[in-house]
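S.K.: Supplied structure: start_7.cif, mmCIF, C-alpha atoms.
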```
data_protein
loop_
_atom_site.label_atom_id
_atom_site.label_comp_id
_atom_site.auth_asym_id
_atom_site.auth_seq_id
_atom_site.Cartn_x
_atom_site.Cartn_y
_atom_site.Cartn_z
CA MET A 1 0.00 0.00 0.00
CA LEU A 2 1.47 3.33 -1.13
CA PHE A 3 0.34 5.30 1.92
CA ARG A 4 1.92 2.91 4.42
CA ARG A 5 5.10 2.72 2.36
CA VAL A 6 5.53 6.50 2.20
CA LEU A 7 4.77 7.09 5.88
CA THR A 8 7.16 4.32 6.94
CA LEU A 9 9.92 5.70 4.74
CA LEU A 10 9.54 9.24 6.06
CA ASN A 11 9.68 7.91 9.61
CA GLU A 12 12.77 5.84 8.87
CA LYS A 13 14.52 8.80 7.26
CA ARG A 14 13.46 11.06 10.15
CA ILE A 15 11.94 13.63 7.80
CA PRO A 16 9.58 15.89 9.80
CA TYR A 17 6.02 15.96 8.44
CA ALA A 18 2.38 15.91 9.47
CA VAL A 19 -0.56 14.17 7.84
CA SER A 20 -3.46 16.37 6.80
CA GLY A 21 -6.49 15.94 4.55
CA ALA A 22 -9.11 13.30 5.29
CA PHE A 23 -7.04 11.65 8.02
CA ALA A 24 -6.56 14.84 10.03
CA LEU A 25 -10.22 15.72 9.56
CA GLN A 26 -11.23 12.30 10.89
CA GLU A 27 -8.95 12.70 13.90
CA HIS A 28 -10.52 16.01 14.90
CA THR A 29 -14.15 15.45 13.86
CA GLY A 30 -14.76 11.71 13.49
CA ILE A 31 -15.78 12.23 9.84
CA CYS A 32 -14.54 9.27 7.79
CA ARG A 33 -14.00 9.61 4.05
CA PHE A 34 -12.62 7.10 1.59
CA THR A 35 -9.76 8.69 -0.27
CA LYS A 36 -7.24 7.69 -2.91
CA ASP A 37 -4.84 10.43 -1.85
CA LEU A 38 -2.81 11.16 1.24
CA ASP A 39 -1.92 14.76 2.09
CA ILE A 40 1.40 15.25 3.86
CA PHE A 41 2.48 18.70 5.03
CA LEU A 42 6.19 19.55 5.16
CA THR A 43 8.44 22.57 4.87
CA ASP A 44 9.78 23.08 1.37
CA ALA A 45 13.27 21.90 2.33
CA ASN A 46 11.91 18.68 3.83
CA ALA A 47 9.59 18.12 0.87
CA LYS A 48 12.63 18.14 -1.40
CA ARG A 49 14.37 15.66 0.91
CA ALA A 50 11.30 13.44 0.89
CA LEU A 51 11.07 13.56 -2.90
CA CYS A 52 14.69 12.41 -3.22
CA CYS A 53 14.10 9.51 -0.83
CA LEU A 54 10.93 8.44 -2.63
CA ARG A 55 12.67 8.51 -6.00
CA LEU A 56 15.50 6.36 -4.64
CA GLU A 57 12.81 3.87 -3.59
CA GLY A 58 11.71 3.67 -7.21
CA LEU A 59 8.49 5.64 -6.80
CA GLU A 60 7.19 7.90 -9.54
CA CYS A 61 7.51 11.51 -8.40
CA GLU A 62 6.86 14.94 -9.88
CA VAL A 63 7.01 18.61 -9.02
CA CYS A 64 3.48 19.80 -9.77
CA ASP A 65 3.97 23.37 -8.57
CA PRO A 66 7.17 24.54 -6.83
CA VAL A 67 5.17 27.06 -4.83
CA TRP A 68 3.31 24.37 -2.91
CA LEU A 69 2.95 20.85 -4.34
CA TYR A 70 5.02 17.73 -5.01
CA LYS A 71 3.48 14.35 -5.76
CA THR A 72 4.25 10.64 -5.78
CA ARG A 73 1.91 7.98 -7.12
CA SER A 74 1.35 4.26 -7.55
CA ASP A 75 -1.51 2.95 -9.69
CA GLU A 76 -4.62 4.98 -8.82
CA PHE A 77 -3.27 6.11 -5.43
CA PHE A 78 -1.12 9.17 -4.86
CA VAL A 79 0.51 11.15 -2.07
CA ASP A 80 0.64 14.93 -2.13
CA LEU A 81 3.60 16.59 -0.43
CA ILE A 82 2.24 20.03 0.42
CA THR A 83 4.36 23.00 1.50
CA GLY A 84 1.64 25.65 1.62
CA MET A 85 -1.28 26.96 -0.37
CA SER A 86 -1.22 27.47 -4.12
CA ASN A 87 -1.65 31.23 -3.78
CA GLY A 88 1.53 31.54 -1.70
CA VAL A 89 -0.31 33.13 1.24
CA ILE A 90 -0.19 30.21 3.68
CA VAL A 91 3.21 28.52 4.09
CA VAL A 92 4.05 25.42 6.14
CA GLU A 93 6.60 26.19 8.83
CA ASP A 94 8.51 24.01 11.28
CA SER A 95 6.04 24.98 14.01
CA TRP A 96 3.23 23.29 12.06
CA ILE A 97 5.04 19.99 12.37
CA ALA A 98 6.10 20.54 15.97
CA ARG A 99 2.47 21.17 16.98
CA ALA A 100 1.09 18.10 15.19
CA LYS A 101 -0.85 15.54 17.22
CA PRO A 102 0.02 11.81 17.54
CA ALA A 103 -2.13 9.46 15.47
CA VAL A 104 -2.00 6.14 13.67
CA VAL A 105 -2.61 6.11 9.92
CA TYR A 106 -2.71 2.78 8.09
CA GLU A 107 -1.13 1.13 11.13
CA VAL A 108 1.82 3.54 11.03
CA PRO A 109 2.48 5.71 14.12
CA THR A 110 2.54 9.26 12.85
CA ASN A 111 1.19 12.76 13.50
CA VAL A 112 -1.69 14.76 12.06
CA LEU A 113 -1.97 18.52 11.81
CA ALA A 114 -3.26 20.26 14.91
CA PRO A 115 -6.77 21.66 14.41
CA GLU A 116 -5.53 25.26 14.22
CA GLU A 117 -3.15 24.52 11.35
CA LEU A 118 -5.78 22.34 9.70
CA ILE A 119 -8.20 25.28 9.72
CA ALA A 120 -5.51 27.66 8.44
CA SER A 121 -4.71 25.30 5.58
CA LYS A 122 -8.36 25.45 4.46
CA LEU A 123 -8.99 29.20 4.64
CA PHE A 124 -8.27 29.74 0.96
CA VAL A 125 -9.82 26.53 -0.36
CA THR A 126 -12.74 28.50 -1.72
CA ARG A 127 -12.94 27.50 -5.35
CA ARG A 128 -16.05 26.78 -7.35
CA GLU A 129 -15.14 23.10 -7.60
CA ARG A 130 -14.01 22.76 -3.98
CA PHE A 131 -14.97 24.66 -0.85
CA ASP A 132 -13.58 23.67 2.56
CA GLY A 133 -15.69 26.02 4.66
CA ALA A 134 -17.80 23.07 5.79
CA ASP A 135 -14.66 21.27 6.95
CA ILE A 136 -13.67 24.28 9.04
CA ALA A 137 -17.12 24.41 10.60
CA HIS A 138 -16.89 20.69 11.36
CA VAL A 139 -13.48 21.10 13.03
CA ILE A 140 -14.80 23.85 15.30
CA TYR A 141 -17.89 21.81 16.09
CA GLY A 142 -15.97 18.55 16.53
CA THR A 143 -13.47 20.12 18.94
CA LYS A 144 -16.24 22.08 20.72
CA GLY A 145 -14.17 25.17 20.11
CA GLN A 146 -11.31 23.90 22.29
CA LEU A 147 -8.74 25.61 20.09
CA GLU A 148 -5.77 27.85 20.68
CA TRP A 149 -7.58 30.84 19.26
CA GLU A 150 -4.72 33.31 19.64
CA HIS A 151 -2.57 30.98 17.61
CA LEU A 152 -5.27 30.64 14.96
CA LEU A 153 -5.57 34.43 14.74
CA ALA A 154 -1.80 34.60 14.28
CA LEU A 155 -1.92 31.99 11.52
CA ALA A 156 -4.57 33.98 9.66
CA GLY A 157 -2.52 37.14 10.09
CA GLU A 158 -3.37 39.94 7.67
CA HIS A 159 -5.96 37.66 6.07
CA TRP A 160 -8.12 37.62 9.21
CA GLU A 161 -11.21 38.48 7.15
CA MET A 162 -11.07 35.01 5.62
CA LEU A 163 -11.15 33.57 9.14
CA LEU A 164 -14.04 35.84 10.12
CA TRP A 165 -15.94 34.70 7.05
CA THR A 166 -15.61 31.04 8.03
CA LEU A 167 -16.61 31.81 11.63
CA LEU A 168 -19.75 33.56 10.41
CA LEU A 169 -20.53 30.45 8.38
CA PHE A 170 -20.03 28.33 11.51
CA ARG A 171 -22.33 30.64 13.49
CA TYR A 172 -25.01 30.39 10.79
CA VAL A 173 -24.80 26.61 10.60
CA TYR A 174 -24.54 26.01 14.37
CA PRO A 175 -26.31 28.95 16.07
CA ALA A 176 -26.72 27.03 19.35
CA GLN A 177 -22.93 26.56 19.47
CA THR A 178 -21.99 30.21 18.94
CA HIS A 179 -20.12 30.02 22.26
CA TYR A 180 -17.66 27.54 20.77
CA VAL A 181 -16.00 30.68 19.40
CA PRO A 182 -14.96 32.74 22.44
CA ASP A 183 -16.46 36.19 22.93
CA TYR A 184 -13.06 37.87 22.69
CA VAL A 185 -12.49 36.32 19.25
CA TRP A 186 -15.83 37.63 17.98
CA LYS A 187 -15.12 41.05 19.49
CA THR A 188 -11.58 41.20 18.12
CA LEU A 189 -12.55 40.30 14.57
CA LEU A 190 -15.76 42.32 14.45
CA SER A 191 -13.93 45.34 15.86
CA ARG A 192 -11.30 45.03 13.14
CA PHE A 193 -14.06 44.68 10.57
CA GLN A 194 -15.84 47.78 11.84
CA ASN A 195 -12.56 49.70 11.63
CA VAL A 196 -11.92 48.75 8.01
CA LEU A 197 -15.48 49.73 7.14
CA THR A 198 -15.21 53.16 8.72
CA GLN A 199 -11.63 53.77 7.59
CA ALA A 200 -11.73 52.20 4.15
CA ASP A 201 -8.47 52.38 2.19
CA LYS A 202 -9.42 53.53 -1.30
CA THR A 203 -5.96 52.53 -2.56
CA ALA A 204 -6.21 48.94 -1.31
CA GLN A 205 -5.51 46.26 -3.89
CA PHE A 206 -8.11 43.94 -5.37
CA ARG A 207 -7.61 40.49 -3.79
CA GLY A 208 -10.06 38.31 -5.71
CA SER A 209 -7.35 36.25 -7.38
CA LEU A 210 -6.17 35.06 -3.96
CA VAL A 211 -9.61 33.55 -3.42
CA ASP A 212 -9.95 31.98 -6.89
CA ASP A 213 -8.05 33.13 -9.95
CA LYS A 214 -10.63 31.53 -12.26
CA MET A 215 -13.82 32.96 -10.74
CA PHE A 216 -12.21 36.40 -10.60
CA ALA A 217 -10.33 36.16 -13.90
CA ILE A 218 -12.56 38.73 -15.59
CA ASP A 219 -11.57 41.32 -12.99
CA VAL A 220 -7.92 40.92 -13.94
CA ASN A 221 -8.13 40.10 -17.64
CA GLU A 222 -10.88 42.47 -18.73
CA TRP A 223 -11.37 45.04 -15.99
CA GLY A 224 -7.66 45.69 -15.42
CA LEU A 225 -7.58 45.08 -11.68
CA GLU A 226 -4.41 43.93 -9.89
CA ASN A 227 -3.34 40.30 -9.96
CA VAL A 228 -1.95 40.02 -6.44
CA LEU A 229 -1.84 36.23 -6.87
CA GLU A 230 1.15 36.65 -9.15
CA ASP A 231 2.84 38.89 -6.59
CA TYR A 232 2.36 36.42 -3.73
CA ARG A 233 3.52 33.48 -5.82
CA ALA A 234 6.56 35.37 -7.11
CA ARG A 235 7.58 36.31 -3.57
CA ARG A 236 7.15 32.73 -2.45
CA LEU A 237 9.33 31.44 -5.31
CA GLU A 238 12.02 33.98 -4.41
CA GLN A 239 11.87 32.84 -0.79
CA ILE A 240 12.18 29.19 -1.82
CA ALA A 241 15.15 29.97 -4.08
CA SER A 242 16.86 31.89 -1.29
CA GLU A 243 16.28 29.13 1.26
CA HIS A 244 17.56 26.52 -1.16
CA LYS A 245 20.67 28.56 -1.86
CA ASP A 246 21.32 29.01 1.86
CA HIS A 247 20.69 25.32 2.46
CA CYS A 248 23.19 24.28 -0.18
#
```
Take the structure in the file and give it back as structure tokens.

M.R.:
Amino acid sequence: MLFRRVLTLLNEKRIPYAVSGAFALQEHTGICRFTKDLDIFLTDANAKRALCCLRLEGLECEVCDPVWLYKTRSDEFFVDLITGMSNGVIVVEDSWIARAKPAVVYEVPTNVLAPEELIASKLFVTRRERFDGADIAHVIYGTKGQLEWEHLLALAGEHWEMLLWTLLLFRYVYPAQTHYVPDYVWKTLLSRFQNVLTQADKTAQFRGSLVDDKMFAIDVNEWGLENVLEDYRARRLEQIASEHKDHC
């Protein structure tokens, strides 16, 4: 089985990683999904190490997108080695792996993403063909809001409005569990939101491409608005190149 083989190899080679995707969701919510893919989160440097090890084992590997995704496959099954989000906004750091929770996946002792990082990894999965807002709501509900909220706010950073959006969805879906999100979190985010409404920056850039470059393509291609997606991805590629140079 490909999943067991990859997890065992990463453990043997002592490459730091954390399992995400369906397995992390099941750990934090109890939701069980059959899947032909395994999502593994690593820093970019460790993803490159993992790819080398997998290739030496004779596995088929490819670099799908140097900003965030490497892949290995066997028959109809595949493993995604993920280093961040495709828009370059969310990046996997060592702390993500250090905070991961012990779990067993396909009989292999391993770790899954902590719920805060799992939520952060889903904030920008907002495409027409895939929307992870329901997963975020399920994580909050499944953990009864027992999250490190300050840490989650820090992970969202300047993109806190995306977090607020998902929390409003949670509140709408689970109104009786509004208290799962602490009062201070609601007050903090709603206060920030009120401030940006009353002190709107008329020079602020259009950010639609960070949400979905296809749904907001007309804004960039025909209406001449900024493509900040390209800026974020370019900065991420520069960062990766610099880290690789320093590493070598």

S.K.: List the neighbours of range 199-211 of chain A out to 6 Å using all atoms listed in the file; skip same-chain residues closer than 6 positions along the sequence, and give me the result as a VMD selection string.

M.R.: chain A and resid 87 124 226 229

S.K.: Please return, as JSON, numbers by chain, all polymer residues that have at least one atom within 12 Å of the point (-11.7, 25.6, -7.7); use only C-alpha atoms and the file's own coordinate frame.

M.R.: {"A": [86, 124, 125, 126, 127, 128, 129, 130, 131, 132, 209, 210, 211, 212, 213, 214, 215, 216]}

S.K.: Spell out the residues picked by the PyMOL selection byres ((chain A and resi 173) around 12) here, as a list of chain:residue names.

M.R.: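 In the shown coordinates, the PyMOL selection byres ((chain A and resi 173) around 12) covers A:Gly133, A:Ala134, A:Ile136, A:Ala137, A:His138, A:Ile140, A:Tyr141, A:Thr166, A:Leu167, A:Leu168, A:Leu169, A:Phe170, A:Arg171, A:Tyr172, A:Tyr174, A:Pro175, A:Ala176, A:Gln177, A:Thr178.
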
S.K.: Please compute the CA of Thr110 in chain A-CA of Asn46 in chain A distance, one decimal, in Å.

M.R.: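 CA of Thr110 in chain A sits 16.1 Å away from CA of Asn46 in chain A.
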
S.K.: Which residues, written as a list in words, have at least one atom at most 6 Å from range 60-74 of chain A, with all atoms listed in the file counted and residues fewer than 6 positions away on the same chain left out?

M.R.: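 Surrounding residues, per the criterion: Asp80, Leu81, Ile82, Thr83, Gly84, Met85 and Ser86 of chain A.
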
S.K.: May I have the residues within 8 Å of range 6-13 of chain A as a PyMOL selection string, using all atoms listed in the file and disregarding those fewer than 6 positions away in the same chain?

M.R.: chain A and resi 50+53-54+108+110

S.K.: Considering all atoms listed in the file, state which residue in the set A:Val196, A:Ala18, A:Ala120, A:Val89 is at the smallest distance from Val228 in chain A.

M.R.: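 Smallest distance to Val228 in chain A is found for A:Val89.
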
S.K.: Closest to Glu116 in chain A among A:Gln194, A:Ala24, A:Lys187, A:Gln239, using only C-alpha atoms?

M.R.: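 Under the stated criterion, the closest residue is A:Ala24.
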
S.K.: What's the separation between CA of Phe23 in chain A and CA of Lys48 in chain A, in Å to one decimal place?

M.R.: 22.8 Å

S.K.: By how many Å are CA of Tyr106 in chain A and CA of Arg4 in chain A apart?

M.R.: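 CA of Tyr106 in chain A sits 5.9 Å away from CA of Arg4 in chain A.
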
S.K.: Hey, what's within 8 Å of Phe78 in chain A if we count all atoms listed in the file and toss same-chain stuff fewer than 6 positions away? As a ChimeraX atom specification, please?

M.R.: /A:2-3,36-38,71-72

S.K.: Missing atoms in range 8-41 of chain A should be modelled up to N, CA and C atoms and reported as an mmCIF file, keeping the file's coordinate frame.

M.R.:
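Output contents, as saved in out_13.cif:
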```
data_model
loop_
_atom_site.group_PDB
_atom_site.id
_atom_site.type_symbol
_atom_site.label_atom_id
_atom_site.label_comp_id
_atom_site.auth_asym_id
_atom_site.auth_seq_id
_atom_site.Cartn_x
_atom_site.Cartn_y
_atom_site.Cartn_z
ATOM 1 N N THR A 8 6.075 5.092 6.328
ATOM 2 C CA THR A 8 7.160 4.320 6.940
ATOM 3 C C THR A 8 8.517 4.856 6.519
ATOM 4 N N LEU A 9 8.651 5.184 5.241
ATOM 5 C CA LEU A 9 9.920 5.700 4.740
ATOM 6 C C LEU A 9 10.266 7.049 5.371
ATOM 7 N N LEU A 10 9.286 7.937 5.452
ATOM 8 C CA LEU A 10 9.540 9.240 6.060
ATOM 9 C C LEU A 10 9.942 9.104 7.523
ATOM 10 N N ASN A 11 9.304 8.166 8.208
ATOM 11 C CA ASN A 11 9.680 7.910 9.610
ATOM 12 C C ASN A 11 11.099 7.380 9.707
ATOM 13 N N GLU A 12 11.431 6.428 8.842
ATOM 14 C CA GLU A 12 12.770 5.840 8.870
ATOM 15 C C GLU A 12 13.846 6.868 8.569
ATOM 16 N N LYS A 13 13.551 7.773 7.657
ATOM 17 C CA LYS A 13 14.520 8.800 7.260
ATOM 18 C C LYS A 13 14.488 10.020 8.189
ATOM 19 N N ARG A 14 13.592 9.979 9.171
ATOM 20 C CA ARG A 14 13.460 11.060 10.150
ATOM 21 C C ARG A 14 13.212 12.413 9.471
ATOM 22 N N ILE A 15 12.336 12.396 8.476
ATOM 23 C CA ILE A 15 11.940 13.630 7.800
ATOM 24 C C ILE A 15 10.685 14.168 8.484
ATOM 25 N N PRO A 16 10.739 15.349 9.063
ATOM 26 C CA PRO A 16 9.580 15.890 9.800
ATOM 27 C C PRO A 16 8.409 16.175 8.858
ATOM 28 N N TYR A 17 7.219 15.751 9.253
ATOM 29 C CA TYR A 17 6.020 15.960 8.440
ATOM 30 C C TYR A 17 4.802 15.808 9.329
ATOM 31 N N ALA A 18 3.654 16.146 8.787
ATOM 32 C CA ALA A 18 2.380 15.910 9.470
ATOM 33 C C ALA A 18 1.347 15.539 8.415
ATOM 34 N N VAL A 19 0.508 14.595 8.743
ATOM 35 C CA VAL A 19 -0.560 14.170 7.840
ATOM 36 C C VAL A 19 -1.721 15.151 7.951
ATOM 37 N N SER A 20 -2.306 15.479 6.810
ATOM 38 C CA SER A 20 -3.460 16.370 6.800
ATOM 39 C C SER A 20 -4.597 15.695 6.042
ATOM 40 N N GLY A 21 -5.423 16.486 5.371
ATOM 41 C CA GLY A 21 -6.490 15.940 4.550
ATOM 42 C C GLY A 21 -7.521 15.149 5.331
ATOM 43 N N ALA A 22 -8.023 14.089 4.715
ATOM 44 C CA ALA A 22 -9.110 13.300 5.290
ATOM 45 C C ALA A 22 -8.734 12.674 6.622
ATOM 46 N N PHE A 23 -7.468 12.319 6.784
ATOM 47 C CA PHE A 23 -7.040 11.650 8.020
ATOM 48 C C PHE A 23 -7.005 12.619 9.201
ATOM 49 N N ALA A 24 -6.546 13.839 8.964
ATOM 50 C CA ALA A 24 -6.560 14.840 10.030
ATOM 51 C C ALA A 24 -7.992 15.246 10.359
ATOM 52 N N LEU A 25 -8.817 15.362 9.325
ATOM 53 C CA LEU A 25 -10.220 15.720 9.560
ATOM 54 C C LEU A 25 -10.908 14.651 10.403
ATOM 55 N N GLN A 26 -10.628 13.387 10.119
ATOM 56 C CA GLN A 26 -11.230 12.300 10.890
ATOM 57 C C GLN A 26 -10.758 12.351 12.346
ATOM 58 N N GLU A 27 -9.497 12.653 12.547
ATOM 59 C CA GLU A 27 -8.950 12.700 13.900
ATOM 60 C C GLU A 27 -9.641 13.767 14.748
ATOM 61 N N HIS A 28 -9.963 14.903 14.141
ATOM 62 C CA HIS A 28 -10.520 16.010 14.900
ATOM 63 C C HIS A 28 -12.043 16.078 14.884
ATOM 64 N N THR A 29 -12.685 15.353 13.974
ATOM 65 C CA THR A 29 -14.150 15.450 13.860
ATOM 66 C C THR A 29 -14.854 14.102 13.887
ATOM 67 N N GLY A 30 -14.133 13.026 13.601
ATOM 68 C CA GLY A 30 -14.760 11.710 13.490
ATOM 69 C C GLY A 30 -15.331 11.442 12.117
ATOM 70 N N ILE A 31 -15.269 12.413 11.211
ATOM 71 C CA ILE A 31 -15.780 12.230 9.840
ATOM 72 C C ILE A 31 -14.830 11.317 9.084
ATOM 73 N N CYS A 32 -15.362 10.257 8.521
ATOM 74 C CA CYS A 32 -14.540 9.270 7.790
ATOM 75 C C CYS A 32 -14.858 9.352 6.305
ATOM 76 N N ARG A 33 -13.833 9.538 5.495
ATOM 77 C CA ARG A 33 -14.000 9.610 4.050
ATOM 78 C C ARG A 33 -13.033 8.650 3.379
ATOM 79 N N PHE A 34 -13.531 7.919 2.391
ATOM 80 C CA PHE A 34 -12.620 7.100 1.590
ATOM 81 C C PHE A 34 -11.863 8.018 0.653
ATOM 82 N N THR A 35 -10.570 7.816 0.568
ATOM 83 C CA THR A 35 -9.760 8.690 -0.270
ATOM 84 C C THR A 35 -8.656 7.899 -0.957
ATOM 85 N N LYS A 36 -8.343 8.305 -2.168
ATOM 86 C CA LYS A 36 -7.240 7.690 -2.910
ATOM 87 C C LYS A 36 -5.977 8.530 -2.816
ATOM 88 N N ASP A 37 -6.025 9.590 -2.007
ATOM 89 C CA ASP A 37 -4.840 10.430 -1.850
ATOM 90 C C ASP A 37 -4.528 10.617 -0.370
ATOM 91 N N LEU A 38 -3.290 10.880 -0.105
ATOM 92 C CA LEU A 38 -2.810 11.160 1.240
ATOM 93 C C LEU A 38 -2.106 12.503 1.195
ATOM 94 N N ASP A 39 -2.547 13.449 2.027
ATOM 95 C CA ASP A 39 -1.920 14.760 2.090
ATOM 96 C C ASP A 39 -0.907 14.794 3.217
ATOM 97 N N ILE A 40 0.323 15.139 2.872
ATOM 98 C CA ILE A 40 1.400 15.250 3.860
ATOM 99 C C ILE A 40 1.944 16.675 3.800
ATOM 100 N N PHE A 41 1.975 17.332 4.958
ATOM 101 C CA PHE A 41 2.480 18.700 5.030
ATOM 102 C C PHE A 41 3.920 18.684 5.523
#
```
